[in-house]
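Below is my_file_10.cif, which holds mmCIF, C-alpha atoms.
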```cif
data_structure
loop_
_atom_site.group_PDB
_atom_site.id
_atom_site.type_symbol
_atom_site.label_atom_id
_atom_site.label_comp_id
_atom_site.auth_asym_id
_atom_site.auth_seq_id
_atom_site.Cartn_x
_atom_site.Cartn_y
_atom_site.Cartn_z
ATOM 1 C CA MET A 21 -31.928 102.746 177.498
ATOM 2 C CA LYS A 22 -34.087 100.501 179.623
ATOM 3 C CA MET A 23 -35.774 99.211 176.508
ATOM 4 C CA ILE A 24 -32.431 98.384 174.902
ATOM 5 C CA ALA A 25 -31.399 96.429 177.959
ATOM 6 C CA ILE A 26 -34.673 94.479 177.918
ATOM 7 C CA VAL A 27 -34.401 93.691 174.192
ATOM 8 C CA TRP A 28 -30.786 92.616 174.629
ATOM 9 C CA ALA A 29 -31.690 90.371 177.577
ATOM 10 C CA ILE A 30 -34.548 88.736 175.650
ATOM 11 C CA ALA A 31 -32.381 88.194 172.592
ATOM 12 C CA TRP A 32 -29.548 86.740 174.658
ATOM 13 C CA ALA A 33 -31.898 84.424 176.532
ATOM 14 C CA THR A 34 -33.502 83.290 173.281
ATOM 15 C CA THR A 35 -30.206 82.506 171.575
ATOM 16 C CA ALA A 36 -29.000 80.668 174.643
ATOM 17 C CA MET A 37 -32.162 78.589 174.760
ATOM 18 C CA ILE A 38 -32.517 77.541 171.116
ATOM 19 C CA PRO A 39 -29.547 75.159 170.887
ATOM 20 C CA GLY A 40 -30.235 73.962 174.408
ATOM 21 C CA GLN A 41 -33.765 72.962 173.610
ATOM 22 C CA GLN A 42 -32.929 71.268 170.350
ATOM 23 C CA LEU A 43 -29.536 69.747 170.833
ATOM 24 C CA ASN A 44 -28.163 69.769 174.350
ATOM 25 C CA SER A 45 -30.405 66.985 175.524
ATOM 26 C CA ASN A 46 -28.289 63.970 174.625
ATOM 27 C CA SER A 47 -31.059 61.534 175.450
ATOM 28 C CA GLY A 48 -33.414 63.432 173.162
ATOM 29 C CA VAL A 49 -30.866 63.292 170.349
ATOM 30 C CA ALA A 50 -30.244 59.597 170.956
ATOM 31 C CA ASP A 51 -33.968 58.819 170.795
ATOM 32 C CA LYS A 52 -34.400 60.809 167.608
ATOM 33 C CA VAL A 53 -31.391 59.270 165.881
ATOM 34 C CA ARG A 54 -32.357 55.763 167.045
ATOM 35 C CA ASP A 55 -35.777 56.233 165.431
ATOM 36 C CA LEU A 56 -34.093 57.418 162.246
ATOM 37 C CA GLU A 57 -31.784 54.390 162.195
ATOM 38 C CA TYR A 58 -34.737 52.012 162.524
ATOM 39 C CA ALA A 59 -36.499 53.948 159.771
ATOM 40 C CA ARG A 60 -33.363 53.671 157.630
ATOM 41 C CA PHE A 61 -33.175 49.878 157.999
ATOM 42 C CA ASP A 62 -36.885 49.628 157.288
ATOM 43 C CA ALA A 63 -36.554 51.796 154.166
ATOM 44 C CA GLN A 64 -33.643 49.637 152.967
ATOM 45 C CA HIS A 65 -35.773 46.551 153.426
ATOM 46 C CA ARG A 66 -38.663 48.078 151.471
ATOM 47 C CA LYS A 67 -36.291 49.628 148.892
ATOM 48 C CA ASP A 68 -37.965 52.930 149.663
ATOM 49 C CA ASN A 69 -35.749 55.358 147.783
ATOM 50 C CA LEU A 70 -37.877 58.368 148.657
ATOM 51 C CA ALA A 71 -37.522 57.780 152.389
ATOM 52 C CA LEU A 72 -33.787 57.152 152.084
ATOM 53 C CA ASP A 73 -33.348 60.212 149.902
ATOM 54 C CA ALA A 74 -34.863 62.324 152.695
ATOM 55 C CA MET A 75 -32.629 60.758 155.369
ATOM 56 C CA PHE A 76 -29.342 60.942 153.471
ATOM 57 C CA ASP A 77 -27.311 64.105 153.059
ATOM 58 C CA ASN A 78 -26.373 64.816 149.442
ATOM 59 C CA ALA A 79 -22.696 64.457 150.382
ATOM 60 C CA LEU A 80 -23.246 61.058 152.040
ATOM 61 C CA VAL A 81 -20.242 58.717 152.069
ATOM 62 C CA TRP A 82 -21.424 55.101 152.034
ATOM 63 C CA VAL A 83 -19.079 52.109 152.431
ATOM 64 C CA GLU A 84 -20.431 48.622 151.751
ATOM 65 C CA PRO A 85 -19.314 45.659 153.903
ATOM 66 C CA ASN A 86 -16.929 44.629 151.085
ATOM 67 C CA GLY A 87 -15.173 48.007 151.121
ATOM 68 C CA VAL A 88 -16.811 49.503 148.035
ATOM 69 C CA GLN A 89 -17.525 53.217 148.442
ATOM 70 C CA LEU A 90 -20.704 54.750 147.034
ATOM 71 C CA THR A 91 -22.172 58.218 146.780
ATOM 72 C CA LYS A 92 -25.780 58.867 147.710
ATOM 73 C CA ALA A 93 -26.772 58.793 144.022
ATOM 74 C CA ASP A 94 -24.870 55.518 143.438
ATOM 75 C CA TYR A 95 -26.440 53.906 146.454
ATOM 76 C CA LEU A 96 -30.000 54.889 145.549
ATOM 77 C CA ALA A 97 -29.513 53.834 141.915
ATOM 78 C CA ASN A 98 -28.099 50.461 143.015
ATOM 79 C CA LEU A 99 -30.989 49.905 145.374
ATOM 80 C CA ARG A 100 -33.516 50.646 142.631
ATOM 81 C CA LYS A 101 -32.041 48.240 140.103
ATOM 82 C CA SER A 102 -30.855 45.603 142.570
ATOM 83 C CA SER A 103 -31.964 42.053 141.906
ATOM 84 C CA ILE A 104 -31.295 41.127 145.519
ATOM 85 C CA ASN A 105 -34.400 40.232 147.449
ATOM 86 C CA VAL A 106 -33.759 41.314 151.025
ATOM 87 C CA VAL A 107 -35.983 39.226 153.278
ATOM 88 C CA GLU A 108 -34.768 40.798 156.491
ATOM 89 C CA ILE A 109 -32.413 43.590 157.496
ATOM 90 C CA SER A 110 -32.438 44.797 161.066
ATOM 91 C CA PRO A 111 -30.064 45.892 163.806
ATOM 92 C CA GLU A 112 -29.142 43.385 166.516
ATOM 93 C CA SER A 113 -27.567 46.056 168.666
ATOM 94 C CA MET A 114 -27.189 49.815 168.509
ATOM 95 C CA THR A 115 -25.376 52.437 170.594
ATOM 96 C CA ILE A 116 -25.628 56.167 170.060
ATOM 97 C CA ARG A 117 -23.113 58.817 171.112
ATOM 98 C CA ALA A 118 -24.270 62.409 170.794
ATOM 99 C CA HIS A 119 -21.791 65.253 170.327
ATOM 100 C CA GLY A 120 -23.872 68.424 169.993
ATOM 101 C CA THR A 121 -24.968 68.605 166.376
ATOM 102 C CA THR A 122 -23.386 65.239 165.549
ATOM 103 C CA ALA A 123 -24.386 61.721 166.512
ATOM 104 C CA VAL A 124 -22.369 58.544 166.035
ATOM 105 C CA VAL A 125 -24.259 55.264 165.865
ATOM 106 C CA PHE A 126 -22.597 51.863 165.962
ATOM 107 C CA GLY A 127 -23.757 48.318 166.286
ATOM 108 C CA ILE A 128 -24.306 45.060 164.480
ATOM 109 C CA TYR A 129 -26.989 44.325 161.910
ATOM 110 C CA ARG A 130 -28.212 41.151 160.345
ATOM 111 C CA GLU A 131 -29.325 40.764 156.763
ATOM 112 C CA ARG A 132 -30.706 37.762 154.941
ATOM 113 C CA GLY A 133 -32.113 37.431 151.486
ATOM 114 C CA VAL A 134 -31.764 35.867 148.073
ATOM 115 C CA ARG A 135 -29.081 36.884 145.594
ATOM 116 C CA ASP A 136 -28.929 35.254 142.140
ATOM 117 C CA GLY A 137 -31.190 32.497 143.374
ATOM 118 C CA GLN A 138 -28.937 31.780 146.342
ATOM 119 C CA ALA A 139 -29.939 32.439 149.907
ATOM 120 C CA TYR A 140 -27.451 34.503 151.890
ATOM 121 C CA VAL A 141 -27.015 35.672 155.453
ATOM 122 C CA LEU A 142 -24.834 38.616 156.418
ATOM 123 C CA ARG A 143 -23.903 39.825 159.869
ATOM 124 C CA ALA A 144 -22.024 43.101 159.821
ATOM 125 C CA ARG A 145 -20.734 45.799 162.117
ATOM 126 C CA PHE A 146 -21.876 49.292 161.162
ATOM 127 C CA LEU A 147 -20.878 52.825 162.093
ATOM 128 C CA ASP A 148 -23.010 55.752 160.959
ATOM 129 C CA THR A 149 -22.677 59.499 161.496
ATOM 130 C CA TRP A 150 -25.652 61.859 161.575
ATOM 131 C CA ALA A 151 -25.489 65.655 161.549
ATOM 132 C CA PHE A 152 -28.141 68.216 162.467
ATOM 133 C CA LYS A 153 -28.407 70.381 159.352
ATOM 134 C CA ASN A 154 -31.033 72.969 158.447
ATOM 135 C CA GLY A 155 -33.335 71.831 161.211
ATOM 136 C CA LYS A 156 -33.146 68.089 160.657
ATOM 137 C CA TRP A 157 -30.894 65.109 161.235
ATOM 138 C CA LEU A 158 -29.229 63.723 158.105
ATOM 139 C CA CYS A 159 -26.989 60.711 157.671
ATOM 140 C CA ILE A 160 -23.642 62.007 156.377
ATOM 141 C CA ALA A 161 -21.562 58.804 156.569
ATOM 142 C CA ALA A 162 -22.286 55.101 156.852
ATOM 143 C CA ALA A 163 -19.842 52.217 156.813
ATOM 144 C CA ALA A 164 -20.071 48.516 157.482
ATOM 145 C CA THR A 165 -17.764 45.552 157.656
ATOM 146 C CA SER A 166 -18.578 41.883 157.504
ATOM 147 C CA SER A 167 -15.506 41.102 159.608
ATOM 148 C CA ILE A 168 -16.679 40.900 163.183
ATOM 149 C CA SER A 169 -14.080 39.911 165.730
ATOM 150 C CA MET B 22 -32.707 110.399 169.147
ATOM 151 C CA LYS B 23 -35.448 107.879 168.410
ATOM 152 C CA ARG B 24 -33.538 106.696 165.347
ATOM 153 C CA SER B 25 -30.296 106.147 167.285
ATOM 154 C CA LYS B 26 -32.210 104.184 169.918
ATOM 155 C CA TRP B 27 -33.498 101.789 167.300
ATOM 156 C CA PHE B 28 -30.029 101.562 165.798
ATOM 157 C CA LEU B 29 -28.723 100.457 169.187
ATOM 158 C CA VAL B 30 -31.517 97.894 169.482
ATOM 159 C CA LEU B 31 -30.578 96.487 166.076
ATOM 160 C CA VAL B 32 -26.908 96.332 167.064
ATOM 161 C CA CYS B 33 -27.850 94.379 170.199
ATOM 162 C CA LEU B 34 -29.990 91.948 168.226
ATOM 163 C CA GLY B 35 -27.305 91.611 165.588
ATOM 164 C CA THR B 36 -24.694 90.847 168.209
ATOM 165 C CA CYS B 37 -26.816 88.145 169.810
ATOM 166 C CA PHE B 38 -28.203 86.420 166.729
ATOM 167 C CA GLY B 39 -25.066 87.013 164.734
ATOM 168 C CA SER B 40 -23.044 85.124 167.263
ATOM 169 C CA TRP B 41 -25.311 82.069 167.217
ATOM 170 C CA PRO B 42 -24.167 80.494 163.954
ATOM 171 C CA ALA B 43 -20.603 81.588 164.680
ATOM 172 C CA HIS B 44 -20.157 78.175 166.325
ATOM 173 C CA ALA B 45 -20.244 76.630 162.857
ATOM 174 C CA GLN B 46 -16.754 76.398 161.416
ATOM 175 C CA ASP B 47 -15.692 77.752 158.041
ATOM 176 C CA PRO B 48 -15.768 74.637 155.784
ATOM 177 C CA VAL B 49 -12.440 75.282 154.041
ATOM 178 C CA ASP B 50 -10.691 76.063 157.304
ATOM 179 C CA ALA B 51 -12.274 73.030 158.998
ATOM 180 C CA GLN B 52 -11.216 70.684 156.195
ATOM 181 C CA SER B 53 -7.698 72.066 156.229
ATOM 182 C CA LYS B 54 -7.331 71.747 160.006
ATOM 183 C CA VAL B 55 -8.698 68.219 160.032
ATOM 184 C CA GLY B 56 -6.442 67.317 157.097
ATOM 185 C CA THR B 57 -3.449 68.412 159.172
ATOM 186 C CA LEU B 58 -4.676 66.352 162.127
ATOM 187 C CA GLU B 59 -5.084 63.299 159.885
ATOM 188 C CA ARG B 60 -1.459 63.633 158.795
ATOM 189 C CA LEU B 61 -0.398 64.055 162.419
ATOM 190 C CA TRP B 62 -2.360 60.904 163.258
ATOM 191 C CA GLY B 63 -0.500 58.963 160.568
ATOM 192 C CA GLU B 64 2.859 60.138 161.875
ATOM 193 C CA ALA B 65 1.929 59.497 165.506
ATOM 194 C CA ALA B 66 0.825 55.973 164.633
ATOM 195 C CA GLN B 67 4.032 55.335 162.716
ATOM 196 C CA PHE B 68 6.205 56.515 165.604
ATOM 197 C CA ARG B 69 3.900 55.135 168.310
ATOM 198 C CA ASP B 70 3.458 58.587 169.807
ATOM 199 C CA VAL B 71 0.675 57.770 172.243
ATOM 200 C CA LYS B 72 0.626 61.272 173.727
ATOM 201 C CA ALA B 73 -0.080 62.829 170.340
ATOM 202 C CA LEU B 74 -2.801 60.277 169.643
ATOM 203 C CA GLU B 75 -4.364 60.918 173.014
ATOM 204 C CA SER B 76 -4.830 64.586 172.127
ATOM 205 C CA ILE B 77 -6.380 63.736 168.750
ATOM 206 C CA PHE B 78 -8.990 61.242 169.997
ATOM 207 C CA ASP B 79 -12.115 62.137 171.923
ATOM 208 C CA ASP B 80 -12.473 60.162 175.167
ATOM 209 C CA SER B 81 -15.586 58.487 173.784
ATOM 210 C CA LEU B 82 -13.861 57.439 170.538
ATOM 211 C CA VAL B 83 -15.550 54.598 168.665
ATOM 212 C CA TYR B 84 -12.943 52.751 166.646
ATOM 213 C CA VAL B 85 -13.511 49.820 164.316
ATOM 214 C CA HIS B 86 -10.304 48.087 163.282
ATOM 215 C CA ILE B 87 -9.791 46.683 159.781
ATOM 216 C CA ASP B 88 -10.385 43.211 161.238
ATOM 217 C CA GLY B 89 -13.765 44.312 162.625
ATOM 218 C CA ARG B 90 -12.766 44.719 166.265
ATOM 219 C CA LEU B 91 -14.666 47.428 168.123
ATOM 220 C CA MET B 92 -12.216 49.360 170.291
ATOM 221 C CA THR B 93 -12.249 52.152 172.864
ATOM 222 C CA LYS B 94 -9.718 54.987 172.984
ATOM 223 C CA ALA B 95 -7.840 53.252 175.828
ATOM 224 C CA ARG B 96 -7.612 50.042 173.831
ATOM 225 C CA VAL B 97 -6.388 51.817 170.701
ATOM 226 C CA LEU B 98 -3.669 53.589 172.690
ATOM 227 C CA ALA B 99 -2.629 50.378 174.443
ATOM 228 C CA ASP B 100 -2.465 48.568 171.097
ATOM 229 C CA THR B 101 -0.358 51.349 169.622
ATOM 230 C CA LYS B 102 2.187 51.010 172.425
ATOM 231 C CA ALA B 103 2.460 47.293 171.839
ATOM 232 C CA ALA B 104 2.319 47.454 168.046
ATOM 233 C CA SER B 105 4.777 45.778 165.736
ATOM 234 C CA VAL B 106 6.153 47.957 162.969
ATOM 235 C CA VAL B 107 3.558 48.566 160.280
ATOM 236 C CA ASP B 108 3.872 50.833 157.264
ATOM 237 C CA ILE B 109 0.728 52.884 156.795
ATOM 238 C CA VAL B 110 0.254 54.779 153.574
ATOM 239 C CA VAL B 111 -2.841 56.855 152.925
ATOM 240 C CA GLU B 112 -3.378 56.422 149.190
ATOM 241 C CA SER B 113 -6.240 58.890 148.949
ATOM 242 C CA SER B 114 -8.417 60.934 151.245
ATOM 243 C CA THR B 115 -11.192 63.493 150.991
ATOM 244 C CA ALA B 116 -12.602 65.754 153.689
ATOM 245 C CA GLN B 117 -16.151 67.057 153.738
ATOM 246 C CA ALA B 118 -17.277 69.657 156.282
ATOM 247 C CA HIS B 119 -20.803 69.737 157.716
ATOM 248 C CA GLY B 120 -20.777 72.653 160.171
ATOM 249 C CA ASN B 121 -18.981 71.423 163.270
ATOM 250 C CA THR B 122 -18.404 67.975 161.799
ATOM 251 C CA VAL B 123 -15.890 66.830 159.213
ATOM 252 C CA ILE B 124 -15.999 63.452 157.508
ATOM 253 C CA VAL B 125 -12.728 62.168 156.075
ATOM 254 C CA SER B 126 -12.880 59.157 153.791
ATOM 255 C CA GLY B 127 -10.217 57.412 151.811
ATOM 256 C CA VAL B 128 -8.113 54.364 151.128
ATOM 257 C CA LEU B 129 -5.113 53.261 153.117
ATOM 258 C CA GLN B 130 -2.478 50.628 152.614
ATOM 259 C CA LEU B 131 -0.926 48.548 155.363
ATOM 260 C CA LYS B 132 2.380 46.779 154.965
ATOM 261 C CA GLY B 133 3.912 44.644 157.637
ATOM 262 C CA VAL B 134 5.262 41.292 158.673
ATOM 263 C CA GLU B 135 3.194 38.772 160.520
ATOM 264 C CA ARG B 136 4.556 35.465 161.793
ATOM 265 C CA GLY B 137 7.513 36.038 159.525
ATOM 266 C CA LYS B 138 5.328 36.519 156.463
ATOM 267 C CA PRO B 139 4.999 39.878 154.722
ATOM 268 C CA TYR B 140 1.526 41.119 153.992
ATOM 269 C CA LEU B 141 -0.145 43.987 152.198
ATOM 270 C CA ARG B 142 -3.728 45.041 152.866
ATOM 271 C CA HIS B 143 -6.011 47.812 151.703
ATOM 272 C CA GLY B 144 -8.804 49.352 153.695
ATOM 273 C CA ARG B 145 -11.467 51.964 153.102
ATOM 274 C CA PHE B 146 -11.713 54.322 156.055
ATOM 275 C CA ILE B 147 -14.191 56.892 157.321
ATOM 276 C CA ASP B 148 -13.198 59.189 160.178
ATOM 277 C CA THR B 149 -15.614 61.525 161.962
ATOM 278 C CA TRP B 150 -14.235 64.711 163.510
ATOM 279 C CA VAL B 151 -16.178 67.057 165.770
ATOM 280 C CA TYR B 152 -15.318 70.586 166.874
ATOM 281 C CA GLU B 153 -15.646 70.626 170.655
ATOM 282 C CA GLU B 154 -14.505 73.339 173.059
ATOM 283 C CA GLY B 155 -12.170 74.926 170.563
ATOM 284 C CA HIS B 156 -10.587 71.699 169.324
ATOM 285 C CA TRP B 157 -11.160 69.214 166.539
ATOM 286 C CA LEU B 158 -11.377 65.707 167.958
ATOM 287 C CA CYS B 159 -11.827 62.368 166.245
ATOM 288 C CA VAL B 160 -14.972 60.768 167.671
ATOM 289 C CA ALA B 161 -15.260 57.781 165.339
ATOM 290 C CA SER B 162 -13.133 55.845 162.890
ATOM 291 C CA MET B 163 -13.835 52.732 160.900
ATOM 292 C CA THR B 164 -11.782 50.868 158.321
ATOM 293 C CA THR B 165 -13.395 48.261 156.113
ATOM 294 C CA ALA B 166 -11.135 45.667 154.519
ATOM 295 C CA MET B 167 -11.130 45.817 150.731
ATOM 296 C CA GLN B 168 -10.827 42.868 148.400
ATOM 297 C CA PRO B 169 -7.135 42.058 147.879
ATOM 298 C CA ARG B 170 -5.712 43.383 144.633
ATOM 299 C CA SER B 171 -4.287 40.869 142.165
ATOM 300 C CA ASN B 172 -0.663 41.638 143.049
ATOM 301 C CA GLU B 173 -1.181 41.397 146.803
ATOM 302 C CA GLU B 174 -0.370 38.605 149.128
ATOM 303 C CA PHE B 175 -3.403 38.379 151.342
ATOM 304 C CA VAL B 176 -3.072 36.698 154.700
ATOM 305 C CA SER B 177 -6.649 35.732 155.304
ATOM 306 C CA ASP B 178 -6.124 33.455 158.272
ATOM 307 C CA SER B 179 -3.842 35.842 160.092
ATOM 308 C CA GLN B 180 -4.353 37.322 163.528
ATOM 309 C CA PRO B 181 -5.012 41.066 163.578
ATOM 310 C CA VAL B 182 -2.009 43.321 163.448
ATOM 311 C CA SER B 183 -2.009 46.176 165.909
ATOM 312 C CA TRP B 184 -2.006 49.452 164.100
ATOM 313 C CA VAL B 185 -3.680 52.761 164.341
ATOM 314 C CA LEU B 186 -4.494 55.380 161.780
#
```

Give the structure from the file, written as structure tokens.
Amino acid sequence: MKMIAIVWAIAWATTAMIPGQQLNSNSGVADKVRDLEYARFDAQHRKDNLALDAMFDNALVWVEPNGVQLTKADYLANLRKSSINVVEISPESMTIRAHGTTAVVFGIYRERGVRDGQAYVLRARFLDTWAFKNGKWLCIAAAATSSIS
Amino acid sequence: MKRSKWFLVLVCLGTCFGSWPAHAQDPVDAQSKVGTLERLWGEAAQFRDVKALESIFDDSLVYVHIDGRLMTKARVLADTKAASVVDIVVESSTAQAHGNTVIVSGVLQLKGVERGKPYLRHGRFIDTWVYEEGHWLCVASMTTAMQPRSNEEFVSDSQPVSWVL
């Protein structure tokens, strides 16, 4: 009986600790997701489909600044065949709100490049959602708008 | 006797570890519940029911208006109170559950009158819902303006209309 009580206590303590260690530290989550966001912008700049594929959930919902919605497959295919030369894409500001296994990231990013021989500059507001799934953080939704009031 | 002892140990372990993923919501149930809340949101916005909206939004709500304004929960509620009448129609929406998170995406239509001129706008929205302390709460919402359709009168130089969805 004593042994049962000990095993139960250990199991209870372990289950109570696992989510605490991994997810209850909001600052830890924010740091992790911030790093992932920077890595995401960097991968977009380098057109690194492999890196983006690993960061994006298969059910990702992506909304371009012009309101066009893309799936993960659409987005990666577009990036591969895109004739746009992105010279720079980076966040100007970023705030992260952690909610357990979910993190919401919002801010403003700046993009400049060359499209059809024409230089362009875009400043857009973005809002991304990350979820902790199967032991890692994945981007499940990302939207942007070029209207910034 | 030895066998029953081990059985009890297994039951204890099963109870503990079995309860761990129980926090994750059933996807179909989660999508259905959030779908109901989205409809409630639409109705509350239409009838300017601030109390209902207050219970739907998390206190740390991040809201991006169709005109690009970044708003807090307090600001959204204040805007709703002061809003002029706007018709909001959700043309399409899809919910996708990810454990304790549900993403709802879709297209909405806004009809209203601004400075005496009627307007019609379309926006693509993404809402993020999180299951917290036994409730589904909207923690983030963003609507991106879509290109005006050929039959729409687009008021590009207009001031933002107060609306919530």

Quiz item: Near range 115-122 of chain A, counting only C-alpha atoms, which residues have an atom at most 6 Å away, once you skip same-chain residues fewer than 2 positions from it, shown as a PyMOL selection string?
Solution: chain A and resi 43+46+50+124-126+150-152

Self-check item: Residues matched by the PyMOL selection byres ((chain A and resi 81) around 12) as a ChimeraX atom specification
Solution: /A:76-80,82-84,87-95,147-150,158-164 /B:115-117,123-127,145-149

Practice problem: Check the smallest atom-to-atom distance from each of B:Val134, B:Ala45, B:Val111, B:Val71 to chain A using all atoms listed in the file, then report the winner. | Solution: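 Among the listed residues, the smallest separation from chain A belongs to B:Ala45.
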
Exercise. Check the smallest atom-to-atom distance from each of B:Ser105, B:Ser162, B:Gln46, B:Thr57 to Trp150 in chain B using only C-alpha atoms, then report the winner.
Key: B:Ser162

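Taking CA of Pro111 in chain A as the reference point, CA of Phe61 in chain A is found at 7.7 Å.
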
Practice problem: Run through the PyMOL selection byres ((chain B and resi 96-99) around 10) on the given coordinates and return the selected residues as a count of residues only. | Solution: 27

Quiz item: At what distance in Å, to one decimal, does CA of Ile168 in chain A lie from CA of Arg90 in chain B?
Solution: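 For CA of Arg90 in chain B relative to CA of Ile168 in chain A, the distance reads 6.3 Å.
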
Practice problem: Kindly give the distance, in Å, that separates CA of Ala144 in chain A and CA of Glu59 in chain B, rounded to a single decimal. | Solution: 26.4 Å

Exercise. Please write as JSON, numbers by chain the full residue list that the PyMOL selection byres ((chain B and resi 166) around 6) yields on this file.
Key: {"A": [87], "B": [87, 144, 165, 167]}

Write to file, as an mmCIF file, keeping the file's coordinate frame, the residues of the selection just made, with C-alpha atoms.
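Here's the written file again35.cif:
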```cif
data_model
loop_
_atom_site.group_PDB
_atom_site.id
_atom_site.type_symbol
_atom_site.label_atom_id
_atom_site.label_comp_id
_atom_site.auth_asym_id
_atom_site.auth_seq_id
_atom_site.Cartn_x
_atom_site.Cartn_y
_atom_site.Cartn_z
ATOM 1 C CA GLY A 87 -15.173 48.007 151.121
ATOM 2 C CA ILE B 87 -9.791 46.683 159.781
ATOM 3 C CA GLY B 144 -8.804 49.352 153.695
ATOM 4 C CA THR B 165 -13.395 48.261 156.113
ATOM 5 C CA MET B 167 -11.130 45.817 150.731
#
```

Practice problem: Go through A:Ser113, A:Gln64, A:Gln138, A:Asn86 and flag the residue nearest chain B, using only C-alpha atoms for the distances. | Solution: A:Asn86

Quiz item: Using all atoms listed in the file, which of the listed residues (A:Arg145, A:Arg130, A:Arg60, A:Arg100) sits closest to chain B?
Solution: A:Arg145

Quiz item: Pick from A:Gly127, A:Asp136, A:Arg54, A:Met75: nearest to chain B, with all atoms listed in the file counted?
Solution: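 Using all atoms listed in the file, chain B sits closest to A:Gly127.
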
Quiz prompt | Nearest to chain B, chosen from A:Val141, A:Ala123, A:Val134, A:Ala59, with all atoms listed in the file counted in the distances | solution =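 Using all atoms listed in the file, chain B sits closest to A:Ala123.
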
Practice problem: Would you list the contacts of Ile109 in chain B as an MDAnalysis selection string, taking every protein, DNA or RNA residue within 8 Å and counting all atoms listed in the file, but skipping same-chain residues closer than 2 positions in sequence? | Solution: chainID B and resid 63 67 107 111 129:132 186

Take the residues that were just selected and, keeping C-alpha atoms, output them as a PDB file, in the frame of the given file.
```pdb
ATOM      1  CA  GLY B  63      -0.500  58.963 160.568  1.00  0.00           C
ATOM      2  CA  GLN B  67       4.032  55.335 162.716  1.00  0.00           C
ATOM      3  CA  VAL B 107       3.558  48.566 160.280  1.00  0.00           C
ATOM      4  CA  VAL B 111      -2.841  56.855 152.925  1.00  0.00           C
ATOM      5  CA  LEU B 129      -5.113  53.261 153.117  1.00  0.00           C
ATOM      6  CA  GLN B 130      -2.478  50.628 152.614  1.00  0.00           C
ATOM      7  CA  LEU B 131      -0.926  48.548 155.363  1.00  0.00           C
ATOM      8  CA  LYS B 132       2.380  46.779 154.965  1.00  0.00           C
ATOM      9  CA  LEU B 186      -4.494  55.380 161.780  1.00  0.00           C
TER      10      LEU B 186
END
```
